[in-house]
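Here is protein07.cif, consisting of mmCIF, C-alpha atoms:
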```cif
data_structure
#
loop_
_atom_site.label_atom_id
_atom_site.label_comp_id
_atom_site.auth_asym_id
_atom_site.auth_seq_id
_atom_site.Cartn_x
_atom_site.Cartn_y
_atom_site.Cartn_z
CA MET A 684 251.06 90.74 26.94
CA GLU A 685 249.68 91.94 30.24
CA ILE A 686 248.59 95.57 30.31
CA LYS A 687 249.85 97.40 33.38
CA VAL A 688 247.48 100.08 34.75
CA THR A 689 248.63 103.12 36.71
CA GLN A 690 245.79 105.45 37.62
CA VAL A 691 245.91 109.13 38.51
CA ASN A 692 245.62 110.11 42.16
CA THR A 693 242.84 112.59 41.51
CA THR A 694 240.55 112.49 38.50
CA ARG A 695 239.31 115.64 36.83
CA THR A 696 235.69 116.57 36.08
CA ARG A 697 234.41 116.31 32.53
CA PRO A 698 233.06 119.62 31.18
CA LYS A 699 229.34 119.93 30.58
CA ASP A 700 228.24 118.40 27.28
CA SER A 701 227.11 121.83 26.10
CA ASP A 702 230.63 123.24 26.65
CA LEU A 703 232.46 120.59 24.63
CA GLY A 704 234.19 121.46 21.37
CA PHE A 705 236.37 119.12 19.30
CA GLY A 706 239.82 117.83 20.17
CA GLN A 707 240.48 120.13 23.13
CA VAL A 708 239.44 118.18 26.23
CA PHE A 709 241.53 115.08 26.98
CA THR A 710 240.86 112.36 29.52
CA ASP A 711 242.88 111.43 32.59
CA HIS A 712 244.64 108.38 31.09
CA MET A 713 246.19 107.11 27.87
CA PHE A 714 247.50 103.81 26.52
CA VAL A 715 251.15 103.51 25.46
CA MET A 716 253.50 100.77 24.25
CA ASP A 717 256.87 100.70 22.54
CA TYR A 718 258.49 98.79 19.69
CA SER A 719 262.08 97.69 19.17
CA GLU A 720 263.51 95.25 16.65
CA ASN A 721 264.58 92.71 19.27
CA LYS A 722 261.41 92.86 21.42
CA GLY A 723 258.66 93.74 18.96
CA TRP A 724 255.76 95.63 20.57
CA HIS A 725 256.28 95.59 24.33
CA ASP A 726 255.56 97.20 27.71
CA PRO A 727 251.86 98.03 27.16
CA GLU A 728 250.54 100.38 29.83
CA ILE A 729 247.58 102.54 30.74
CA VAL A 730 249.09 105.57 32.44
CA PRO A 731 248.10 109.09 33.47
CA TYR A 732 247.81 111.45 30.48
CA ALA A 733 251.08 113.38 30.33
CA ASP A 734 253.75 114.73 28.01
CA PHE A 735 256.24 112.32 26.46
CA SER A 736 259.97 112.57 26.96
CA ILE A 737 261.48 112.06 23.51
CA SER A 738 264.75 112.98 21.83
CA PRO A 739 264.86 116.12 19.66
CA ALA A 740 266.54 113.85 17.10
CA ALA A 741 263.59 111.41 17.04
CA MET A 742 263.00 110.49 13.41
CA VAL A 743 259.32 111.44 13.47
CA PHE A 744 260.33 115.12 13.68
CA HIS A 745 262.69 114.95 10.73
CA TYR A 746 261.39 112.33 8.31
CA GLY A 747 257.68 112.25 9.06
CA GLN A 748 257.10 108.61 10.01
CA ALA A 749 253.77 109.09 11.77
CA ILE A 750 250.38 107.48 11.26
CA PHE A 751 247.12 107.80 13.16
CA GLU A 752 243.44 106.91 13.19
CA GLY A 753 240.24 108.55 14.35
CA LEU A 754 237.18 106.74 15.69
CA LYS A 755 234.55 107.24 18.37
CA ALA A 756 232.92 105.61 21.39
CA TYR A 757 229.25 106.36 22.09
CA LYS A 758 226.80 105.99 24.95
CA THR A 759 223.55 104.46 23.74
CA GLN A 760 220.12 105.36 25.08
CA ASP A 761 220.33 102.43 27.54
CA LYS A 762 223.80 103.55 28.73
CA LYS A 763 225.80 100.90 26.87
CA ILE A 764 229.22 101.85 25.51
CA CYS A 765 229.78 101.06 21.85
CA LEU A 766 232.36 101.54 19.11
CA PHE A 767 231.54 102.02 15.42
CA ARG A 768 233.54 99.72 13.10
CA PRO A 769 236.71 99.93 15.26
CA ARG A 770 238.44 96.92 13.70
CA ASP A 771 238.15 98.57 10.28
CA ASN A 772 240.04 101.55 11.67
CA PHE A 773 242.84 99.32 12.94
CA LYS A 774 242.93 97.38 9.67
CA ARG A 775 243.38 100.72 7.90
CA MET A 776 246.08 101.64 10.41
CA ASN A 777 247.97 98.50 9.46
CA ARG A 778 247.67 99.43 5.77
CA SER A 779 249.10 102.85 6.63
CA ALA A 780 251.84 101.16 8.67
CA LYS A 781 252.85 99.00 5.72
CA GLY A 782 252.97 102.03 3.43
CA MET A 783 255.08 104.03 5.89
CA CYS A 784 257.49 101.16 6.80
CA ILE A 785 256.10 100.95 10.34
CA PRO A 786 255.60 97.58 12.13
CA LYS A 787 252.01 96.39 12.21
CA ILE A 788 249.96 96.09 15.38
CA ASP A 789 248.02 93.05 16.60
CA ILE A 790 244.41 94.18 16.11
CA ASP A 791 242.91 91.87 18.73
CA PHE A 792 245.41 93.00 21.35
CA VAL A 793 244.96 96.69 20.56
CA MET A 794 241.17 96.28 20.66
CA ASP A 795 241.46 94.76 24.14
CA ALA A 796 243.73 97.62 25.22
CA LEU A 797 241.32 100.22 23.84
CA LYS A 798 238.34 98.66 25.60
CA LYS A 799 240.26 98.53 28.87
CA LEU A 800 241.26 102.19 28.51
CA ILE A 801 237.69 103.27 27.76
CA LYS A 802 236.37 101.37 30.79
CA VAL A 803 238.88 103.26 32.94
CA GLU A 804 237.68 106.52 31.36
CA GLU A 805 233.95 105.74 31.15
CA LYS A 806 232.92 108.93 32.95
CA TRP A 807 234.48 110.95 30.11
CA ILE A 808 231.96 109.66 27.57
CA PRO A 809 229.34 112.39 27.15
CA GLU A 810 225.74 111.23 26.86
CA THR A 811 223.92 113.98 24.93
CA LEU A 812 222.90 112.94 21.42
CA GLY A 813 225.60 114.06 19.00
CA THR A 814 228.42 113.99 21.56
CA SER A 815 230.98 111.19 21.85
CA LEU A 816 234.41 110.14 23.00
CA TYR A 817 236.90 110.69 20.19
CA ILE A 818 239.70 108.11 19.99
CA ARG A 819 243.11 108.90 18.47
CA PRO A 820 245.49 105.92 18.07
CA THR A 821 248.92 107.06 16.85
CA ILE A 822 252.31 105.56 15.97
CA ILE A 823 255.46 107.68 15.75
CA ALA A 824 259.09 106.86 14.89
CA SER A 825 261.27 107.36 17.95
CA ASP A 826 264.86 106.53 16.86
CA PRO A 827 267.24 109.42 17.72
CA PHE A 828 268.94 109.36 14.33
CA LEU A 829 269.53 111.97 11.64
CA GLY A 830 269.55 109.84 8.52
CA VAL A 831 266.93 108.88 5.97
CA ARG A 832 265.78 105.34 6.70
CA ALA A 833 262.92 103.64 8.47
CA SER A 834 263.16 103.90 12.24
CA PHE A 835 264.07 100.86 14.34
CA THR A 836 261.95 101.97 17.32
CA TYR A 837 258.39 103.31 17.60
CA LYS A 838 255.85 104.48 20.14
CA PHE A 839 252.17 103.56 19.87
CA TYR A 840 249.66 105.46 21.97
CA ILE A 841 245.94 106.07 22.27
CA ILE A 842 244.53 109.30 23.65
CA LEU A 843 240.85 110.06 24.23
CA SER A 844 238.94 113.33 23.93
CA SER A 845 235.37 114.16 24.98
CA VAL A 846 233.81 115.95 22.01
CA GLY A 847 230.63 117.90 21.48
CA ALA A 848 228.17 117.69 18.65
CA TYR A 849 230.00 118.52 15.41
CA TYR A 850 227.05 120.64 14.33
CA ALA A 851 226.36 122.65 17.48
CA GLU A 852 223.85 124.81 15.61
CA GLY A 853 222.32 122.12 13.45
CA LEU A 854 223.23 120.25 10.27
CA ASN A 855 223.79 123.28 8.03
CA PRO A 856 225.35 122.97 4.53
CA VAL A 857 228.98 124.11 4.27
CA LYS A 858 230.78 126.05 1.54
CA ILE A 859 233.75 124.39 -0.19
CA TRP A 860 236.56 125.85 -2.28
CA VAL A 861 238.22 123.99 -5.15
CA SER A 862 242.01 124.18 -5.08
CA LYS A 863 243.47 124.96 -8.51
CA ASP A 864 247.07 125.66 -7.47
CA HIS A 865 247.72 123.04 -4.80
CA VAL A 866 247.29 119.27 -4.65
CA ARG A 867 246.97 116.93 -1.69
CA ALA A 868 248.57 113.78 -3.09
CA ALA A 869 249.87 112.14 -6.27
CA LYS A 870 249.73 108.56 -7.52
CA GLY A 871 252.63 106.53 -6.24
CA GLY A 872 252.77 108.62 -3.06
CA VAL A 873 251.17 108.23 0.36
CA GLY A 874 247.75 109.78 -0.27
CA GLU A 875 245.85 106.62 0.67
CA PHE A 876 247.54 106.39 4.08
CA LYS A 877 246.49 108.30 7.19
CA THR A 878 249.87 109.89 7.73
CA ALA A 879 250.71 113.28 9.21
CA GLY A 880 252.37 114.65 6.08
CA ASN A 881 249.14 114.50 4.07
CA TYR A 882 247.55 116.94 6.48
CA ALA A 883 250.59 119.23 6.49
CA ALA A 884 250.37 119.35 2.69
CA SER A 885 246.76 120.50 2.91
CA LEU A 886 247.30 123.49 5.18
CA ILE A 887 248.28 126.19 2.68
CA ALA A 888 245.18 125.67 0.54
CA SER A 889 243.01 125.37 3.65
CA GLU A 890 244.22 128.73 4.90
CA LYS A 891 243.47 130.34 1.54
CA ALA A 892 239.98 128.83 1.56
CA LYS A 893 239.26 130.11 5.06
CA LYS A 894 240.35 133.64 4.11
CA ASP A 895 237.76 133.51 1.33
CA GLY A 896 235.06 132.35 3.73
CA TYR A 897 235.04 128.65 2.81
CA ALA A 898 235.02 125.78 5.30
CA GLN A 899 236.82 123.07 3.33
CA VAL A 900 239.05 122.50 0.30
CA LEU A 901 237.92 120.25 -2.54
CA TRP A 902 241.01 118.54 -3.95
CA LEU A 903 241.60 117.68 -7.61
CA ASP A 904 244.00 115.09 -8.99
CA ALA A 905 247.67 116.00 -9.20
CA ILE A 906 248.18 115.16 -12.89
CA GLU A 907 245.36 116.74 -14.90
CA ARG A 908 243.96 118.98 -12.15
CA LYS A 909 240.41 118.10 -13.20
CA TYR A 910 239.22 114.96 -11.40
CA ILE A 911 237.73 115.26 -7.92
CA GLU A 912 239.45 113.38 -5.10
CA GLU A 913 238.29 114.30 -1.60
CA VAL A 914 237.26 117.32 0.46
CA GLY A 915 239.17 118.51 3.53
CA ALA A 916 239.41 115.52 5.85
CA MET A 917 236.39 113.82 4.29
CA ASN A 918 235.34 111.79 1.29
CA ILE A 919 232.81 113.38 -1.06
CA PHE A 920 229.57 112.32 -2.78
CA PHE A 921 227.59 113.96 -5.60
CA ILE A 922 224.02 113.15 -6.60
CA ILE A 923 223.56 113.72 -10.33
CA ASP A 924 220.09 112.79 -11.57
CA ASP A 925 219.46 109.49 -9.74
CA GLU A 926 223.14 108.48 -9.51
CA ILE A 927 225.18 108.88 -6.32
CA VAL A 928 228.80 109.34 -7.41
CA THR A 929 231.94 109.20 -5.29
CA PRO A 930 235.50 109.22 -6.66
CA ASN A 931 236.99 105.76 -7.02
CA LEU A 932 240.02 104.84 -4.94
CA THR A 933 243.17 105.22 -7.02
CA GLY A 934 245.87 105.27 -4.33
CA THR A 935 245.59 109.00 -3.63
CA ILE A 936 242.34 109.04 -1.64
CA LEU A 937 241.98 107.99 2.00
CA PRO A 938 239.51 105.05 2.11
CA GLY A 939 237.13 106.38 4.74
CA ILE A 940 235.24 104.08 7.11
CA THR A 941 232.16 106.32 6.82
CA ARG A 942 232.58 106.27 3.03
CA TYR A 943 232.41 102.47 3.07
CA SER A 944 229.34 102.69 5.31
CA VAL A 945 227.50 105.09 2.97
CA ILE A 946 228.25 102.90 -0.05
CA SER A 947 227.08 99.79 1.81
CA LEU A 948 223.81 101.40 2.90
CA ALA A 949 223.16 102.82 -0.57
CA LYS A 950 223.52 99.37 -2.12
CA LYS A 951 221.33 97.83 0.57
CA TRP A 952 218.62 100.42 -0.15
CA GLY A 953 218.79 99.73 -3.89
CA MET A 954 220.19 103.14 -4.78
CA ASN A 955 222.22 103.76 -7.93
CA ILE A 956 225.70 104.41 -6.52
CA SER A 957 228.93 104.55 -8.51
CA GLU A 958 232.61 104.74 -7.65
CA ARG A 959 234.15 106.40 -10.71
CA LYS A 960 236.21 109.29 -12.01
CA LEU A 961 234.28 112.54 -11.78
CA SER A 962 235.62 115.81 -13.16
CA ILE A 963 234.88 119.20 -11.70
CA ASP A 964 233.64 120.23 -15.16
CA GLU A 965 231.04 117.43 -15.08
CA VAL A 966 229.80 118.69 -11.72
CA PHE A 967 229.45 122.29 -12.91
CA LEU A 968 227.78 121.17 -16.16
CA ALA A 969 225.35 119.01 -14.19
CA HIS A 970 224.49 122.04 -12.06
CA GLU A 971 224.01 124.19 -15.18
CA ASN A 972 221.61 121.60 -16.59
CA GLY A 973 219.67 121.24 -13.35
CA ARG A 974 220.91 117.67 -12.79
CA LEU A 975 223.05 118.22 -9.67
CA LYS A 976 220.71 117.41 -6.79
CA GLU A 977 222.94 117.15 -3.71
CA VAL A 978 226.56 117.15 -2.54
CA PHE A 979 227.80 115.88 0.82
CA GLY A 980 230.98 114.82 2.56
CA SER A 981 231.46 111.84 4.87
CA GLY A 982 233.86 111.34 7.75
CA THR A 983 234.24 110.26 11.36
CA ALA A 984 233.97 113.72 12.91
CA ALA A 985 230.90 115.01 11.07
CA VAL A 986 229.44 111.67 9.85
CA ILE A 987 227.68 113.47 6.98
CA SER A 988 228.38 117.08 5.97
CA PRO A 989 225.98 118.60 3.39
CA VAL A 990 227.52 121.02 0.90
CA GLY A 991 225.62 124.15 -0.08
CA GLU A 992 228.14 126.02 -2.23
CA ILE A 993 231.19 125.22 -4.39
CA ARG A 994 233.66 127.79 -5.69
CA TYR A 995 235.98 126.93 -8.58
CA GLY A 996 238.07 129.94 -9.61
CA ASP A 997 235.58 132.69 -10.42
CA LYS A 998 232.67 130.26 -10.74
CA VAL A 999 230.34 129.72 -7.80
CA ILE A 1000 227.39 127.35 -7.68
CA SER A 1001 224.76 126.85 -4.99
CA ILE A 1002 223.33 123.43 -4.30
CA GLY A 1003 219.81 123.03 -2.96
CA ASP A 1004 217.87 125.59 -0.98
CA GLY A 1005 220.23 126.18 1.93
CA THR A 1006 219.03 123.17 3.92
CA PRO A 1007 220.47 119.62 4.05
CA GLY A 1008 219.35 117.45 1.16
CA GLU A 1009 216.96 114.55 1.62
CA ILE A 1010 219.52 111.87 0.71
CA ALA A 1011 222.26 113.35 2.91
CA MET A 1012 219.84 113.41 5.83
CA LYS A 1013 218.80 109.81 5.14
CA PHE A 1014 222.42 108.65 5.48
CA TYR A 1015 223.09 110.89 8.50
CA THR A 1016 220.03 109.63 10.36
CA ALA A 1017 220.69 105.98 9.52
CA LEU A 1018 224.34 106.11 10.62
CA THR A 1019 223.81 108.10 13.82
CA ASP A 1020 220.81 105.98 14.81
CA ILE A 1021 223.06 102.90 14.62
CA GLN A 1022 225.87 104.64 16.50
CA TYR A 1023 223.63 105.77 19.36
CA GLY A 1024 221.62 102.56 19.58
CA LYS A 1025 218.39 104.07 18.27
CA ALA A 1026 218.17 101.61 15.38
CA GLU A 1027 219.03 97.97 14.81
CA ASP A 1028 222.63 97.32 13.81
CA SER A 1029 221.75 95.12 10.86
CA GLU A 1030 225.27 95.53 9.40
CA ASN A 1031 227.12 94.32 12.54
CA TRP A 1032 229.10 97.55 12.66
CA ILE A 1033 228.82 98.09 16.41
CA GLU A 1034 231.14 96.52 18.98
CA PHE A 1035 230.05 96.89 22.59
CA ILE A 1036 232.34 97.36 25.58
CA GLU A 1037 231.13 95.27 28.49
#
```
Structure translated into structure tokens:
Amino acid sequence: MEIKVTQVNTTRTRPKDSDLGFGQVFTDHMFVMDYSENKGWHDPEIVPYADFSISPAAMVFHYGQAIFEGLKAYKTQDKKICLFRPRDNFKRMNRSAKGMCIPKIDIDFVMDALKKLIKVEEKWIPETLGTSLYIRPTIIASDPFLGVRASFTYKFYIILSSVGAYYAEGLNPVKIWVSKDHVRAAKGGVGEFKTAGNYAASLIASEKAKKDGYAQVLWLDAIERKYIEEVGAMNIFFIIDDEIVTPNLTGTILPGITRYSVISLAKKWGMNISERKLSIDEVFLAHENGRLKEVFGSGTAAVISPVGEIRYGDKVISIGDGTPGEIAMKFYTALTDIQYGKAEDSENWIEFIE
């Protein structure tokens, strides 16, 4: 398919890198295409960023058929534009599509479309270390129909957002709050897919955590309410003695691209890393016995997020001395050095945009 390009008459000015937050500043253009049963995916276009015209009866509003991804484009020290593991994001999007009864996308075609869009919007890529261009591919059900079934029509779009450094004041450990009364996902559900409803389900616990002064919610399993799953919008790692532990994927946990990257690097470095069930009681006992060394989250937005405090009911534990742990910093430095072209990409995770 040929991608039609319609550019804006007047482009806007990107804010200063120091003024950028997260997910608030959008670029001048976006990519869109539609799906119907008789045409498949069709009419791909790069168009000026603008509101959609869509029916109030569109099925996405009523039955929640919506999936999305999050990845980033970076400017390296020598001004090259690169993407970090983008095809893995689109492979995950297709897994989400299958789970939500949404037609799959052609990864090679969408990669070409994304690269073309980013070239159009190159000036929106900030260049200060820690900043990036956040990429949000999304698919929504567009059938105007009030009935429970999979939609027959869909809209795929990619929007871009210039984002600042996630840690504007440095890589400081965050405080997390264990949810005892709410769960994010159950086995047999859609927890492993990046679908909008998973995030809606997390809001009530997130609001309670924020009122108590905590940045993120640590989720437990839906059945026994004892095994750790993930934290906020990130995967989670615990270092107990010399073992790095992350919960194994059981169909309720989003398989993070950064999670895969941490596991791959740990194995390459000869570290003792395990994907296994880990109870919250084991974590608190390990802390009591002086065996809990570090805790950190992993995700696209933050890359690595050290954890300094965990609250579980009336119990509160502090991890480390208030600074990021040595292992967390090792992963953070290794990943960001690859992303910004400061280190060799020995894993072939980077895809350049010429």
For a quick check of your reading of the model, name the residues lying within 8 Å of the coordinate (233.4, 118.7, 2.5), counting all atoms listed in the file, and write them as a PDB file with C-alpha atoms, in the frame of the given file.
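Now in part-v1.pdb:
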```pdb
ATOM      1  CA  VAL A 857     228.980 124.110   4.270  1.00  0.00           C
ATOM      2  CA  LYS A 858     230.780 126.050   1.540  1.00  0.00           C
ATOM      3  CA  ILE A 859     233.750 124.390  -0.190  1.00  0.00           C
ATOM      4  CA  ALA A 898     235.020 125.780   5.300  1.00  0.00           C
ATOM      5  CA  GLN A 899     236.820 123.070   3.330  1.00  0.00           C
ATOM      6  CA  VAL A 900     239.050 122.500   0.300  1.00  0.00           C
ATOM      7  CA  LEU A 901     237.920 120.250  -2.540  1.00  0.00           C
ATOM      8  CA  GLU A 913     238.290 114.300  -1.600  1.00  0.00           C
ATOM      9  CA  VAL A 914     237.260 117.320   0.460  1.00  0.00           C
ATOM     10  CA  GLY A 915     239.170 118.510   3.530  1.00  0.00           C
ATOM     11  CA  ALA A 916     239.410 115.520   5.850  1.00  0.00           C
ATOM     12  CA  MET A 917     236.390 113.820   4.290  1.00  0.00           C
ATOM     13  CA  ASN A 918     235.340 111.790   1.290  1.00  0.00           C
ATOM     14  CA  ILE A 919     232.810 113.380  -1.060  1.00  0.00           C
ATOM     15  CA  PHE A 979     227.800 115.880   0.820  1.00  0.00           C
ATOM     16  CA  GLY A 980     230.980 114.820   2.560  1.00  0.00           C
ATOM     17  CA  SER A 981     231.460 111.840   4.870  1.00  0.00           C
ATOM     18  CA  SER A 988     228.380 117.080   5.970  1.00  0.00           C
ATOM     19  CA  PRO A 989     225.980 118.600   3.390  1.00  0.00           C
ATOM     20  CA  VAL A 990     227.520 121.020   0.900  1.00  0.00           C
TER      21      VAL A 990
END
```
### Query
What residues come out when you apply the PyMOL selection byres ((chain A and resi 695-699) around 12) to this file, written as a ChimeraX atom specification?
/A:691-694,700-704,707-712,731-732,804-811,814,816,844-847
### Message
Translate the PyMOL selection byres ((chain A and resi 833) around 9) into a concrete residue list for this structure, as number ranges by chain.
### Response
A: 742, 746, 748, 783-785, 824, 831-832, 834-835
### Task
To one decimal in Å, tell me the separation between atom CA of A:Leu937 and atom CA of A:Lys877.
6.9 Å
### Query
Looking at all atoms listed in the file, which of A:Val803, A:Met1012, A:Ala969, A:Val928 is the one that sits closest to A:Ile987?
A:Met1012
List, as a PDB file with C-alpha atoms, in the frame of the given file, every residue that the PyMOL selection byres ((chain A and resi 910) around 12) selects in the file provided.
```
ATOM      1  CA  VAL A 861     238.220 123.990  -5.150  1.00  0.00           C
ATOM      2  CA  SER A 862     242.010 124.180  -5.080  1.00  0.00           C
ATOM      3  CA  LYS A 863     243.470 124.960  -8.510  1.00  0.00           C
ATOM      4  CA  VAL A 866     247.290 119.270  -4.650  1.00  0.00           C
ATOM      5  CA  LEU A 901     237.920 120.250  -2.540  1.00  0.00           C
ATOM      6  CA  TRP A 902     241.010 118.540  -3.950  1.00  0.00           C
ATOM      7  CA  LEU A 903     241.600 117.680  -7.610  1.00  0.00           C
ATOM      8  CA  ASP A 904     244.000 115.090  -8.990  1.00  0.00           C
ATOM      9  CA  ALA A 905     247.670 116.000  -9.200  1.00  0.00           C
ATOM     10  CA  ILE A 906     248.180 115.160 -12.890  1.00  0.00           C
ATOM     11  CA  GLU A 907     245.360 116.740 -14.900  1.00  0.00           C
ATOM     12  CA  ARG A 908     243.960 118.980 -12.150  1.00  0.00           C
ATOM     13  CA  LYS A 909     240.410 118.100 -13.200  1.00  0.00           C
ATOM     14  CA  ILE A 911     237.730 115.260  -7.920  1.00  0.00           C
ATOM     15  CA  GLU A 912     239.450 113.380  -5.100  1.00  0.00           C
ATOM     16  CA  GLU A 913     238.290 114.300  -1.600  1.00  0.00           C
ATOM     17  CA  THR A 929     231.940 109.200  -5.290  1.00  0.00           C
ATOM     18  CA  PRO A 930     235.500 109.220  -6.660  1.00  0.00           C
ATOM     19  CA  ASN A 931     236.990 105.760  -7.020  1.00  0.00           C
ATOM     20  CA  THR A 933     243.170 105.220  -7.020  1.00  0.00           C
ATOM     21  CA  THR A 935     245.590 109.000  -3.630  1.00  0.00           C
ATOM     22  CA  ILE A 936     242.340 109.040  -1.640  1.00  0.00           C
ATOM     23  CA  ARG A 959     234.150 106.400 -10.710  1.00  0.00           C
ATOM     24  CA  LYS A 960     236.210 109.290 -12.010  1.00  0.00           C
ATOM     25  CA  LEU A 961     234.280 112.540 -11.780  1.00  0.00           C
ATOM     26  CA  SER A 962     235.620 115.810 -13.160  1.00  0.00           C
ATOM     27  CA  ILE A 963     234.880 119.200 -11.700  1.00  0.00           C
ATOM     28  CA  ASP A 964     233.640 120.230 -15.160  1.00  0.00           C
ATOM     29  CA  GLU A 965     231.040 117.430 -15.080  1.00  0.00           C
ATOM     30  CA  VAL A 966     229.800 118.690 -11.720  1.00  0.00           C
TER      31      VAL A 966
END
```
### Message
Between atom CA of A:Lys891 and atom CA of A:Val978, what distance in Å does the model show, to one decimal?
### Response
21.8 Å
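Taking atom CA of A:Met713 and atom CA of A:Phe744 as the two end points, the separation is 21.6 Å.
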### Query
Hey, what's within 12 Å of A:Asn777 if we count all atoms listed in the file and toss same-chain stuff fewer than 2 positions away? As a list in words, please?
Ile750, Phe751, Glu752, Arg770, Asp771, Asn772, Phe773, Lys774, Arg775, Ser779, Ala780, Lys781, Gly782, Met783, Cys784, Ile785, Pro786, Lys787, Ile788, Asp789, Ile790, Val793, Pro820, Thr821, Ile822, Phe876, Lys877 and Thr878 of chain A
Centre and edge lengths of an axis-aligned box around all listed atoms of stretch 1001-1011 of chain A, with 5 Å added on each side, are to be given in Å to one decimal, as AutoDock Vina command-line options.
```
--center_x 220.9 --center_y 119.4 --center_z -0.5 --size_x 17.8 --size_y 25.0 --size_z 19.0
```
### Summary
From the list A:Phe792, A:Thr689, A:Lys798, A:Ser738, the nearest residue to A:Ile764 using only C-alpha atoms is A:Lys798
Which residues of stretch 764-868 of chain A come within 10 Å of stretch 1007-1011 of chain A, and what is each one's closest atom pair and distance in Å (one decimal), counting only C-alpha atoms, sorted by chain and residue number, as JSON lines?
```
{"residue": "A:Gly853", "atom": "CA", "partner": "A:Pro1007", "partner_atom": "CA", "distance": 9.9}
{"residue": "A:Leu854", "atom": "CA", "partner": "A:Pro1007", "partner_atom": "CA", "distance": 6.8}
{"residue": "A:Asn855", "atom": "CA", "partner": "A:Pro1007", "partner_atom": "CA", "distance": 6.3}
{"residue": "A:Pro856", "atom": "CA", "partner": "A:Pro1007", "partner_atom": "CA", "distance": 5.9}
{"residue": "A:Val857", "atom": "CA", "partner": "A:Pro1007", "partner_atom": "CA", "distance": 9.6}
```
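Neighbourhood of point (247.8, 101.7, 20.2): residues with an atom at most 9 Å away, counting only C-alpha atoms, are Phe714, Val715, Met716, Pro727, Ile788, Val793, Met794, Ala796, Leu797, Arg819, Pro820, Thr821, Ile822, Lys838, Phe839, Tyr840, Ile841 and Ile842 of chain A.
Minimum distance to A:Val688 across A:Ile729, A:Ser719, A:Ile1033, A:Arg974 (counting all atoms listed in the file) occurs at A:Ile729.
Of the listed residues (A:Thr836, A:Tyr849, A:Pro938, A:Gly872), A:Thr836 comes nearest to A:Asn721; the distances count all atoms listed in the file.
Closest to A:Gly1005 among A:Glu977, A:Asp1028, A:Asp1020, A:Glu720 is A:Glu977, based on all atoms listed in the file.
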